[in-house]
$ cat entry_23.pdb   # PDB, C-alpha atoms
ATOM      1  CA  MET A  10     -13.103 -21.915 -93.163
ATOM      2  CA  VAL A  11     -12.173 -20.602 -96.594
ATOM      3  CA  THR A  12     -10.172 -17.665 -97.916
ATOM      4  CA  ILE A  13     -11.721 -15.744-100.803
ATOM      5  CA  VAL A  14      -9.377 -14.120-103.345
ATOM      6  CA  VAL A  15     -11.086 -11.662-105.711
ATOM      7  CA  ALA A  16      -9.969 -10.415-109.122
ATOM      8  CA  THR A  17     -11.578  -8.464-111.938
ATOM      9  CA  ALA A  18     -10.962  -9.068-115.640
ATOM     10  CA  THR A  19     -11.295  -5.308-116.257
ATOM     11  CA  ASP A  20      -7.951  -4.520-114.580
ATOM     12  CA  PRO A  21      -4.591  -5.998-115.706
ATOM     13  CA  ALA A  22      -3.111  -5.479-112.217
ATOM     14  CA  SER A  23      -5.924  -7.672-110.889
ATOM     15  CA  ILE A  24      -6.407 -10.371-113.538
ATOM     16  CA  ASN A  25      -2.692 -10.930-114.198
ATOM     17  CA  PRO A  26      -1.870 -11.962-110.588
ATOM     18  CA  ALA A  27      -5.007 -14.135-110.619
ATOM     19  CA  THR A  28      -3.897 -15.816-113.862
ATOM     20  CA  ALA A  29      -0.398 -16.376-112.451
ATOM     21  CA  LEU A  30      -1.881 -17.871-109.280
ATOM     22  CA  LEU A  31      -4.220 -20.156-111.264
ATOM     23  CA  ALA A  32      -1.192 -21.422-113.250
ATOM     24  CA  MET A  33       0.179 -22.927-110.025
ATOM     25  CA  PRO A  34      -0.747 -26.532-109.110
ATOM     26  CA  GLY A  35      -3.993 -27.759-107.580
ATOM     27  CA  TRP A  36      -6.715 -25.486-108.986
ATOM     28  CA  LEU A  37     -10.099 -26.849-110.034
ATOM     29  CA  PRO A  38     -13.133 -25.080-111.501
ATOM     30  CA  GLY A  39     -15.553 -24.063-108.754
ATOM     31  CA  PRO A  40     -19.308 -23.529-108.782
ATOM     32  CA  SER A  41     -20.815 -20.721-110.885
ATOM     33  CA  LEU A  42     -23.005 -19.356-108.142
ATOM     34  CA  PHE A  43     -23.446 -15.780-109.266
ATOM     35  CA  GLN A  44     -24.097 -14.349-112.680
ATOM     36  CA  ASP A  45     -20.886 -13.250-114.396
ATOM     37  CA  ILE A  46     -18.632 -14.485-111.554
ATOM     38  CA  LYS A  47     -16.357 -17.491-112.160
ATOM     39  CA  SER A  48     -14.870 -19.423-109.259
ATOM     40  CA  PHE A  49     -11.887 -21.708-108.802
ATOM     41  CA  THR A  50     -10.919 -23.808-105.782
ATOM     42  CA  ASN A  51      -7.627 -24.989-104.314
ATOM     43  CA  GLN A  52      -7.634 -26.554-100.845
ATOM     44  CA  ASN A  53      -9.379 -23.964 -98.631
ATOM     45  CA  VAL A  54      -8.956 -21.070-101.101
ATOM     46  CA  ARG A  55     -11.692 -19.807-103.444
ATOM     47  CA  LEU A  56     -10.689 -17.451-106.274
ATOM     48  CA  LEU A  57     -13.573 -15.384-107.655
ATOM     49  CA  GLN A  58     -13.277 -13.532-110.956
ATOM     50  CA  HIS A  59     -15.795 -10.894-112.097
ATOM     51  CA  ASN A  60     -16.075  -8.194-114.742
ATOM     52  CA  LYS A  61     -16.955  -5.110-112.695
ATOM     53  CA  SER A  62     -14.779  -2.546-110.971
ATOM     54  CA  ILE A  63     -12.974  -4.219-108.052
ATOM     55  CA  VAL A  64     -14.728  -1.851-105.588
ATOM     56  CA  GLU A  65     -18.263  -2.515-106.898
ATOM     57  CA  GLU A  66     -19.102  -6.083-105.859
ATOM     58  CA  ASP A  67     -20.245  -5.666-102.248
ATOM     59  CA  ASP A  68     -20.726  -8.458 -99.704
ATOM     60  CA  LEU A  69     -18.952 -11.210-101.629
ATOM     61  CA  ASP A  70     -18.059 -12.851 -98.308
ATOM     62  CA  ARG A  71     -21.680 -13.000 -97.135
ATOM     63  CA  ARG A  72     -22.972 -13.994-100.569
ATOM     64  CA  TRP A  73     -20.472 -16.868-100.824
ATOM     65  CA  GLU A  74     -21.424 -18.125 -97.361
ATOM     66  CA  GLU A  75     -25.126 -18.025 -98.197
ATOM     67  CA  ALA A  76     -24.637 -19.786-101.544
ATOM     68  CA  THR A  77     -22.235 -22.536-100.410
ATOM     69  CA  GLY A  78     -22.585 -22.918 -96.640
ATOM     70  CA  GLU A  79     -18.804 -22.447 -96.371
ATOM     71  CA  VAL A  80     -17.619 -20.062 -93.646
ATOM     72  CA  VAL A  81     -15.415 -17.277 -95.023
ATOM     73  CA  ASP A  82     -12.354 -16.486 -92.929
ATOM     74  CA  GLU A  83     -10.894 -13.566 -94.914
ATOM     75  CA  VAL A  84     -11.088 -11.738 -98.248
ATOM     76  CA  ILE A  85      -8.085 -10.693-100.365
ATOM     77  CA  PHE A  86      -8.439  -8.427-103.420
ATOM     78  CA  PHE A  87      -6.068  -7.920-106.366
ATOM     79  CA  SER A  88      -6.130  -4.389-107.789
ATOM     80  CA  LYS A  89      -4.255  -1.645-109.560
ATOM     81  CA  HIS A  90      -2.875   1.281-107.599
ATOM     82  CA  THR A  91      -2.857   4.847-108.873
ATOM     83  CA  ALA A  92      -0.671   7.658-107.572
ATOM     84  CA  VAL A  93       0.051  11.236-108.540
ATOM     85  CA  SER A  94       3.764  10.412-108.500
ATOM     86  CA  ASN A  95       3.335   7.494-110.974
ATOM     87  CA  ARG A  96       5.963   5.727-108.863
ATOM     88  CA  PRO A  97       6.051   1.933-109.331
ATOM     89  CA  ALA A  98       4.799   0.312-106.131
ATOM     90  CA  LEU A  99       3.453  -2.882-104.620
ATOM     91  CA  THR A 100       1.079  -2.029-101.802
ATOM     92  CA  VAL A 101      -0.917  -3.693 -99.029
ATOM     93  CA  HIS A 102      -3.748  -2.051 -97.119
ATOM     94  CA  PRO A 103      -6.994  -2.414 -95.143
ATOM     95  CA  ILE A 104     -10.247  -0.966 -96.486
ATOM     96  CA  GLY A 105     -13.007   1.331 -95.285
ATOM     97  CA  VAL A 106     -14.332   4.880 -95.343
ATOM     98  CA  PRO A 107     -14.965   5.428 -91.617
ATOM     99  CA  HIS A 108     -14.722   9.229 -91.906
ATOM    100  CA  LEU A 109     -17.640   9.652 -94.321
ATOM    101  CA  ARG A 110     -21.032  10.773 -93.018
ATOM    102  CA  GLU A 111     -24.310   9.075 -93.777
ATOM    103  CA  GLY A 112     -25.516  10.525 -97.066
ATOM    104  CA  ASP A 113     -21.999  11.046 -98.419
ATOM    105  CA  VAL A 114     -21.271   9.208-101.666
ATOM    106  CA  PRO A 115     -18.044   7.190-101.317
ATOM    107  CA  PRO A 116     -15.862   7.954-104.354
ATOM    108  CA  GLN A 117     -14.528   4.388-104.594
ATOM    109  CA  GLY A 118     -17.086   2.072-103.067
ATOM    110  CA  GLY A 119     -17.787   1.136 -99.481
ATOM    111  CA  ARG A 120     -20.427   2.524 -97.137
ATOM    112  CA  PRO A 121     -20.139   5.785 -95.169
ATOM    113  CA  GLY A 122     -18.935   5.190 -91.620
ATOM    114  CA  TRP A 123     -17.856   1.609 -92.344
ATOM    115  CA  ALA A 124     -14.493  -0.141 -92.127
ATOM    116  CA  ALA A 125     -13.881  -3.845 -92.739
ATOM    117  CA  PRO A 126     -11.920  -5.757 -90.108
ATOM    118  CA  PRO A 127      -8.271  -5.504 -91.240
ATOM    119  CA  ASP A 128      -6.788  -8.849 -92.259
ATOM    120  CA  PRO A 129      -4.208  -9.794 -89.581
ATOM    121  CA  ARG A 130      -1.890 -10.917 -92.382
ATOM    122  CA  ILE A 131      -1.290  -7.302 -93.523
ATOM    123  CA  GLY A 132       1.879  -6.764 -91.446
ATOM    124  CA  PRO A 133       3.437 -10.221 -91.973
ATOM    125  CA  TRP A 134       2.565 -10.163 -95.692
ATOM    126  CA  LEU A 135       4.074  -6.696 -96.171
ATOM    127  CA  ARG A 136       7.358  -8.135 -94.907
ATOM    128  CA  LEU A 137       6.982 -11.309 -97.008
ATOM    129  CA  LEU A 138       6.134  -9.193-100.072
ATOM    130  CA  LYS A 139       9.357  -7.242 -99.618
ATOM    131  CA  LYS A 140      11.391 -10.479 -99.489
ATOM    132  CA  ILE A 141       9.735 -11.961-102.588
ATOM    133  CA  ALA A 142      10.015  -8.678-104.516
ATOM    134  CA  GLN A 143      13.707  -8.431-103.619
ATOM    135  CA  SER A 144      14.339 -12.008-104.750
ATOM    136  CA  HIS A 145      12.713 -11.161-108.111
ATOM    137  CA  ASN A 146      14.794  -7.972-108.470
ATOM    138  CA  LEU A 147      11.791  -5.629-108.290
ATOM    139  CA  VAL A 148      13.390  -3.632-105.466
ATOM    140  CA  PRO A 149      14.421  -0.778-105.563
ATOM    141  CA  GLU A 150      12.467  -0.129-108.793
ATOM    142  CA  PHE A 151       9.196  -0.838-106.975
ATOM    143  CA  GLU A 152       8.450   0.652-103.584
ATOM    144  CA  ILE A 153       6.966  -1.883-101.142
ATOM    145  CA  THR A 154       4.567  -0.037 -98.884
ATOM    146  CA  LEU A 155       1.445   0.089 -96.802
ATOM    147  CA  GLU A 156      -1.375   2.462 -97.690
ATOM    148  CA  GLY A 157      -3.873   4.106 -95.418
ATOM    149  CA  THR A 158      -7.360   2.664 -94.996
ATOM    150  CA  HIS A 159      -9.523   3.664 -97.947
ATOM    151  CA  HIS A 160     -12.232   2.624-100.449
ATOM    152  CA  GLY A 161     -14.566  -0.376-100.727
ATOM    153  CA  PRO A 162     -16.142  -2.758-101.520
ATOM    154  CA  VAL A 163     -18.198  -3.622 -98.441
ATOM    155  CA  THR A 164     -17.094  -6.780 -96.608
ATOM    156  CA  THR A 165     -17.593  -7.934 -93.035
ATOM    157  CA  LYS A 166     -14.732 -10.449 -92.770
ATOM    158  CA  PRO A 167     -11.034  -9.530 -92.339
ATOM    159  CA  THR A 168      -9.960  -7.957 -95.618
ATOM    160  CA  MET A 169      -6.925  -6.592 -97.435
ATOM    161  CA  PHE A 170      -6.023  -5.262-100.856
ATOM    162  CA  LEU A 171      -2.840  -6.199-102.737
ATOM    163  CA  GLU A 172      -2.070  -3.623-105.418
ATOM    164  CA  ILE A 173       0.344  -3.005-108.291
ATOM    165  CA  GLY A 174       1.053   0.620-109.194
ATOM    166  CA  SER A 175       1.086   3.114-110.524
ATOM    167  CA  THR A 176       0.646   3.416-114.335
ATOM    168  CA  ASP A 177      -0.612   1.232-117.176
ATOM    169  CA  ASP A 178       2.905   0.004-117.958
ATOM    170  CA  TYR A 179       3.400  -1.224-114.406
ATOM    171  CA  TRP A 180      -0.138  -2.649-114.054
ATOM    172  CA  LYS A 181       0.695  -4.948-116.968
ATOM    173  CA  ARG A 182       4.099  -6.054-115.653
ATOM    174  CA  GLN A 183       4.124  -9.846-115.554
ATOM    175  CA  ASP A 184       7.003  -9.936-113.057
ATOM    176  CA  ALA A 185       4.961  -7.820-110.627
ATOM    177  CA  ALA A 186       1.921 -10.071-111.170
ATOM    178  CA  GLN A 187       4.070 -13.130-110.458
ATOM    179  CA  VAL A 188       5.336 -11.611-107.191
ATOM    180  CA  ILE A 189       1.779 -10.887-105.994
ATOM    181  CA  ALA A 190       0.705 -14.434-106.955
ATOM    182  CA  LEU A 191       3.667 -15.909-105.059
ATOM    183  CA  LEU A 192       2.793 -13.789-102.031
ATOM    184  CA  VAL A 193      -0.655 -15.410-101.905
ATOM    185  CA  TRP A 194       0.690 -18.892-102.749
ATOM    186  CA  GLU A 195       3.303 -18.795 -99.991
ATOM    187  CA  GLY A 196       1.313 -16.627 -97.590
ATOM    188  CA  LEU A 197      -1.648 -19.022 -97.569
ATOM    189  CA  GLY A 198       0.553 -22.120 -97.470
ATOM    190  CA  LEU A 199      -0.816 -23.479-100.754
ATOM    191  CA  GLY A 200       2.589 -24.912-101.675
ATOM    192  CA  GLY A 201       2.676 -27.014 -98.513
ATOM    193  CA  GLY A 202       4.538 -24.572 -96.278
ATOM    194  CA  VAL A 203       3.162 -22.954 -93.145
ATOM    195  CA  ALA A 204       0.747 -20.081 -93.829
ATOM    196  CA  VAL A 205       2.145 -16.659 -92.918
ATOM    197  CA  GLY A 206       0.386 -14.177 -90.649
ATOM    198  CA  SER A 207      -2.271 -16.364 -89.059
ATOM    199  CA  TRP A 208      -3.568 -14.746 -85.889
ATOM    200  CA  GLY A 209      -4.269 -17.387 -83.270
ATOM    201  CA  ARG A 210      -4.400 -18.080 -79.600
ATOM    202  CA  GLU A 211      -0.624 -18.098 -79.359
ATOM    203  CA  ASN A 212      -0.815 -14.361 -80.083
ATOM    204  CA  ASP A 213      -3.066 -13.652 -77.109
ATOM    205  CA  LYS A 214      -2.255 -10.285 -75.516
ATOM    206  CA  LYS A 215       0.081  -9.348 -78.387
ATOM    207  CA  LYS A 216       0.024  -5.666 -79.285
ATOM    208  CA  VAL A 217      -1.577  -4.441 -82.516
ATOM    209  CA  LEU A 218      -0.794  -1.076 -84.118
ATOM    210  CA  LEU A 219      -3.685   1.252 -84.991
ATOM    211  CA  GLY A 220      -2.121   4.010 -87.101
ATOM    212  CA  ILE A 221      -3.434   7.541 -86.588
ATOM    213  CA  GLY A 222      -2.287  10.443 -88.729
ATOM    214  CA  GLY A 223       0.293  10.978 -91.418
ATOM    215  CA  GLY A 224       0.219  10.713 -95.183
ATOM    216  CA  HIS A 225      -1.415   8.101 -97.374
ATOM    217  CA  TYR A 226       1.653   5.822 -97.343
ATOM    218  CA  ALA A 227       1.874   5.889 -93.550
ATOM    219  CA  PRO A 228       5.661   6.430 -93.367
ATOM    220  CA  ARG A 229       5.922   6.692 -89.558
ATOM    221  CA  HIS A 230       3.769   3.578 -89.122
ATOM    222  CA  MET A 231       5.694   1.783 -91.897
ATOM    223  CA  ASP A 232       8.928   2.307 -89.977
ATOM    224  CA  ILE A 233       7.504   0.062 -87.251
ATOM    225  CA  VAL A 234       5.437  -2.441 -89.264
ATOM    226  CA  ILE A 235       8.363  -3.396 -91.515
ATOM    227  CA  LYS A 236      10.080  -4.853 -88.412
ATOM    228  CA  GLU A 237       9.618  -8.566 -87.722
ATOM    229  CA  GLY A 238       6.782  -9.626 -85.459
ATOM    230  CA  VAL A 239       4.677  -6.439 -85.652
ATOM    231  CA  TRP A 240       0.897  -6.714 -86.169
ATOM    232  CA  VAL A 241      -1.040  -3.869 -87.785
ATOM    233  CA  GLY A 242      -4.711  -2.943 -88.085
ATOM    234  CA  HIS A 243      -6.319   0.120 -89.596
ATOM    235  CA  LEU A 244      -4.233   3.085 -90.720
ATOM    236  CA  LEU A 245      -6.069   6.411 -90.557
ATOM    237  CA  SER A 246      -4.282   8.989 -92.695
ATOM    238  CA  GLY A 247      -4.905  12.667 -92.097
ATOM    239  CA  TYR A 248      -7.693  12.782 -94.709
ATOM    240  CA  SER A 249      -9.590  10.127 -92.728
ATOM    241  CA  LEU A 250      -9.547  12.377 -89.638
ATOM    242  CA  PRO A 251     -11.489  15.511 -90.654
ATOM    243  CA  MET A 252     -11.189  18.085 -87.843
ATOM    244  CA  GLU A 253     -12.840  21.497 -87.842
ATOM    245  CA  ASP A 254     -11.348  23.964 -85.430
ATOM    246  CA  PRO A 255     -13.633  26.608 -83.971
ATOM    247  CA  SER A 256     -11.295  29.013 -82.201
ATOM    248  CA  GLN A 257     -12.963  28.560 -78.813
ATOM    249  CA  SER A 258     -11.935  24.893 -78.768
ATOM    250  CA  LYS A 259      -8.384  25.978 -78.029
ATOM    251  CA  VAL A 260      -9.454  27.564 -74.760
ATOM    252  CA  ASN A 261      -8.859  25.608 -71.543
ATOM    253  CA  GLY A 262      -8.112  22.398 -73.420
ATOM    254  CA  ASN A 263     -11.779  21.983 -74.395
ATOM    255  CA  THR A 264     -12.058  19.602 -77.348
ATOM    256  CA  ASP A 265     -15.847  19.205 -77.392
ATOM    257  CA  GLY A 266     -16.275  21.982 -79.926
ATOM    258  CA  ILE A 267     -13.964  20.465 -82.537
ATOM    259  CA  GLY A 268     -16.212  19.380 -85.373
ATOM    260  CA  GLY A 269     -15.644  16.836 -88.104
ATOM    261  CA  THR A 270     -15.954  13.050 -88.175
ATOM    262  CA  TRP A 271     -12.532  12.292 -86.682
ATOM    263  CA  ARG A 272     -14.020  10.780 -83.496
ATOM    264  CA  GLU A 273     -16.306   8.436 -85.435
ATOM    265  CA  SER A 274     -13.432   7.466 -87.725
ATOM    266  CA  ILE A 275     -11.166   6.517 -84.801
ATOM    267  CA  LYS A 276     -13.975   4.660 -83.019
ATOM    268  CA  VAL A 277     -14.942   2.586 -86.081
ATOM    269  CA  ALA A 278     -11.308   1.812 -86.977
ATOM    270  CA  PHE A 279     -10.503   0.787 -83.398
ATOM    271  CA  GLU A 280     -13.537  -1.501 -83.086
ATOM    272  CA  ALA A 281     -12.893  -3.112 -86.490
ATOM    273  CA  THR A 282      -9.229  -3.699 -85.602
ATOM    274  CA  LYS A 283     -10.174  -5.166 -82.224
ATOM    275  CA  SER A 284     -12.617  -7.579 -83.873
ATOM    276  CA  ALA A 285      -9.894  -8.822 -86.266
ATOM    277  CA  PHE A 286      -7.403  -9.572 -83.463
ATOM    278  CA  PRO A 287      -9.330 -11.394 -80.713
ATOM    279  CA  GLY A 288      -7.308 -11.336 -77.503
ATOM    280  CA  GLY A 289      -4.899  -8.738 -78.870
ATOM    281  CA  GLU A 290      -4.229  -5.345 -77.319
ATOM    282  CA  VAL A 291      -4.876  -2.568 -79.837
ATOM    283  CA  LEU A 292      -2.624   0.452 -79.233
ATOM    284  CA  ALA A 293      -2.851   3.741 -81.111
ATOM    285  CA  HIS A 294       0.331   4.908 -82.792
ATOM    286  CA  LEU A 295       0.299   8.627 -83.609
ATOM    287  CA  ASP A 296       2.276  10.342 -86.341
ATOM    288  CA  HIS A 297       2.867  13.261 -83.987
ATOM    289  CA  LYS A 298       4.532  15.584 -86.479
ATOM    290  CA  SER A 299       1.561  15.384 -88.856
ATOM    291  CA  PHE A 300      -0.742  17.153 -86.356
ATOM    292  CA  LYS A 301      -1.032  20.694 -85.137
ATOM    293  CA  SER A 302      -0.862  20.920 -81.362
ATOM    294  CA  TRP A 303      -4.639  21.439 -80.940
ATOM    295  CA  GLN A 304      -5.312  18.386 -83.127
ATOM    296  CA  LYS A 305      -2.872  16.202 -81.210
ATOM    297  CA  ASN A 306      -4.309  17.363 -77.887
ATOM    298  CA  ALA A 307      -7.865  16.641 -79.027
ATOM    299  CA  ILE A 308      -7.018  13.168 -80.333
ATOM    300  CA  THR A 309      -5.001  12.311 -77.232
ATOM    301  CA  ALA A 310      -7.876  13.408 -74.979
ATOM    302  CA  PHE A 311     -10.404  11.431 -77.023
ATOM    303  CA  LEU A 312      -8.268   8.273 -76.921
ATOM    304  CA  GLY A 313      -7.975   8.689 -73.152
ATOM    305  CA  LYS A 314     -11.749   8.959 -72.769
ATOM    306  CA  ARG A 315     -12.196   5.735 -74.730
ATOM    307  CA  ASN A 316      -9.430   3.954 -72.781
ATOM    308  CA  ILE A 317      -7.346   3.468 -75.931
ATOM    309  CA  THR A 318      -3.667   3.347 -74.977
ATOM    310  CA  ILE A 319      -1.131   5.282 -77.050
ATOM    311  CA  GLY A 320       1.873   3.140 -77.891
ATOM    312  CA  LYS A 321       5.470   4.156 -78.557
ATOM    313  CA  PRO A 322       7.489   2.452 -81.335
ATOM    314  CA  ASN A 323       9.221   0.040 -78.952
ATOM    315  CA  ASP A 324       5.864  -1.163 -77.573
ATOM    316  CA  PHE A 325       5.139  -3.011 -80.841
ATOM    317  CA  ILE A 326       8.457  -4.703 -81.413
TER     318      ILE A 326
END

$ encode --input "entry_23.pdb" --output "structure tokens"
Amino acid sequence: MVTIVVATATDPASINPATALLAMPGWLPGPSLFQDIKSFTNQNVRLLQHNKSIVEEDDLDRRWEEATGEVVDEVIFFSKHTAVSNRPALTVHPIGVPHLREGDVPPQGGRPGWAAPPDPRIGPWLRLLKKIAQSHNLVPEFEITLEGTHHGPVTTKPTMFLEIGSTDDYWKRQDAAQVIALLVWEGLGLGGGVAVGSWGRENDKKKVLLGIGGGHYAPRHMDIVIKEGVWVGHLLSGYSLPMEDPSQSKVNGNTDGIGGTWRESIKVAFEATKSAFPGGEVLAHLDHKSFKSWQKNAITAFLGKRNITIGKPNDFI
């Protein structure tokens, strides 16, 4: 089983962490299996470097398996982060566009109605990232945060993005690149320590948070995930839960008339999260204040129909 780490030379927030990681001991040139994609190997890690947008190269996990015969366990991407606020940030998040309909054109890669299995390391690595960033004096200048599930590229193995934001000056920061590289080095146990965030049989029946609602940076879900021992899957922000409210849907608690792709989005995110945490119990965690009452009632009813339990904060800790 190998871990694939992906970087693009077109993005300083992607190539700089890759360069910092490759400067650490043990790397060897790997096979040049695809046109314009370099590879490097270190123990069970394969670093791939290409020259396209980070969201453009679909199916790198499947393509690597077919070309090498090696089984891919997870995929980790380095990327820049953009934000209206321009706030410096180091972010971790799962990927997918489960709310888009067939025929929609995803603005940043992926496939409509798809979500990759979330890498189980997301929660543990968020906490490790905070520790490493603090030790390198990047906090409080940089915010350490989750992001909601969004964008591509298409993968089928557990996946996460590690991002540096939010402007050109910060994308090029070598100290931020070094922190992201150390996160991968320590998190994957490349330095000889124990890998962080490996989901295994010892976690059987552990609870996993599926975030529903709230803003892009998932503040209510973050409050829980930042605590030790919490596992997190997909995080569906409000924009990933499109709900159209015909007035009659408010009558007699009937939710069948509420249009939009919110049901499909929840279903896909739940199934993808379940597949990434075999034996785990996936519980929905709602950002209650982000919903109008008719939205909350509809989502609660839908979760009940699908036998998805709603968890309270203390259920995850």

$ closest_atom_pairs --input "entry_23.pdb" --of "segment 223-261 of chain A" --to "segment 132-145 of chain A" --cutoff "12 Å" --atoms "all atoms listed in the file" --output "Markdown table"
| residue | atom | partner | partner_atom | distance |
| --- | --- | --- | --- | --- |
| A:His230 | CA | A:Gly132 | CA | 10.8 |
| A:Met231 | CA | A:Gly132 | CA | 9.4 |
| A:Asp232 | CA | A:Gly132 | CA | 11.6 |
| A:Ile233 | CA | A:Gly132 | CA | 9.8 |
| A:Val234 | CA | A:Gly132 | CA | 6.0 |
| A:Ile235 | CA | A:Arg136 | CA | 5.9 |
| A:Lys236 | CA | A:Arg136 | CA | 7.8 |
| A:Glu237 | CA | A:Arg136 | CA | 7.5 |
| A:Gly238 | CA | A:Pro133 | CA | 7.3 |
| A:Val239 | CA | A:Gly132 | CA | 6.4 |
| A:Trp240 | CA | A:Gly132 | CA | 5.4 |
| A:Val241 | CA | A:Gly132 | CA | 5.5 |
| A:Gly242 | CA | A:Gly132 | CA | 8.3 |
| A:His243 | CA | A:Gly132 | CA | 10.9 |
| A:Leu244 | CA | A:Gly132 | CA | 11.6 |

$ closest_residue --input "entry_23.pdb" --among "A:Ile46, A:Lys215, A:Met33, A:Ile104" --to "Ile326 of chain A" --atoms "only C-alpha atoms"
A:Lys215

$ closest_residue --input "entry_23.pdb" --among "A:His160, A:Asp67, A:Phe279, A:Ile13" --to "Ser48 of chain A" --atoms "all atoms listed in the file"
A:Ile13

$ resolve_selection --input "entry_23.pdb" --expression "the PyMOL selection byres ((chain A and resi 116-124) around 6)" --output "list in words"
Val64, Gly105, Val106, Pro107, His108, Leu109, Arg110, Glu111, Pro115, Ala125, His160, Gly161, Pro162 and Val163 of chain A

$ closest_residue --input "entry_23.pdb" --among "A:Thr164, A:Thr154, A:Thr318, A:Ser88" --to "Arg229 of chain A" --atoms "all atoms listed in the file"
A:Thr154

$ atom_distance --input "entry_23.pdb" --atom1 "atom CA of Val93 of chain A" --atom2 "atom CA of Asp184 of chain A"
22.7 Å

$ residues_around --input "entry_23.pdb" --residues "Trp271 of chain A" --least-positions-apart "3" --cutoff "8 Å" --atoms "all atoms listed in the file" --output "ChimeraX atom specification"
/A:108,249-252,274-275

$ closest_residue --input "entry_23.pdb" --among "A:Arg315, A:Lys283, A:Arg71, A:Lys276" --to "Thr165 of chain A" --atoms "only C-alpha atoms"
A:Arg71

$ closest_residue --input "entry_23.pdb" --among "A:Val193, A:Val14, A:Leu219, A:Ala98" --to "Asp178 of chain A" --atoms "all atoms listed in the file"
A:Ala98

$ closest_residue --input "entry_23.pdb" --among "A:Leu56, A:Val291, A:Ala278, A:Ala307" --to "Thr28 of chain A" --atoms "only C-alpha atoms"
A:Leu56

$ resolve_selection --input "entry_23.pdb" --expression "the PyMOL selection byres ((chain A and resi 168) around 9)" --output "list in words"
Glu83, Val84, Ile85, Phe86, His102, Pro103, Ile104, Ala125, Pro126, Pro127, Asp128, Pro129, Ile131, Thr164, Thr165, Lys166, Pro167, Met169 and Phe170 of chain A

$ write_last_selection --input "entry_23.pdb" --atoms "C-alpha atoms" --output "compact mmCIF listing (two decimals), keeping the file's coordinate frame"
# COMPACT_ATOMS: atom_id res chain seq x y z
CA GLU A 83 -10.89 -13.57 -94.91
CA VAL A 84 -11.09 -11.74 -98.25
CA ILE A 85 -8.09 -10.69 -100.36
CA PHE A 86 -8.44 -8.43 -103.42
CA HIS A 102 -3.75 -2.05 -97.12
CA PRO A 103 -6.99 -2.41 -95.14
CA ILE A 104 -10.25 -0.97 -96.49
CA ALA A 125 -13.88 -3.84 -92.74
CA PRO A 126 -11.92 -5.76 -90.11
CA PRO A 127 -8.27 -5.50 -91.24
CA ASP A 128 -6.79 -8.85 -92.26
CA PRO A 129 -4.21 -9.79 -89.58
CA ILE A 131 -1.29 -7.30 -93.52
CA THR A 164 -17.09 -6.78 -96.61
CA THR A 165 -17.59 -7.93 -93.04
CA LYS A 166 -14.73 -10.45 -92.77
CA PRO A 167 -11.03 -9.53 -92.34
CA MET A 169 -6.92 -6.59 -97.44
CA PHE A 170 -6.02 -5.26 -100.86

$ axis_aligned_box --input "entry_23.pdb" --around "segment 190-209 of chain A" --padding-each-side "4 Å" --output "JSON"
{"center_x": 0.1, "center_y": -20.4, "center_z": -95.1, "size_x": 16.8, "size_y": 21.2, "size_z": 31.7}
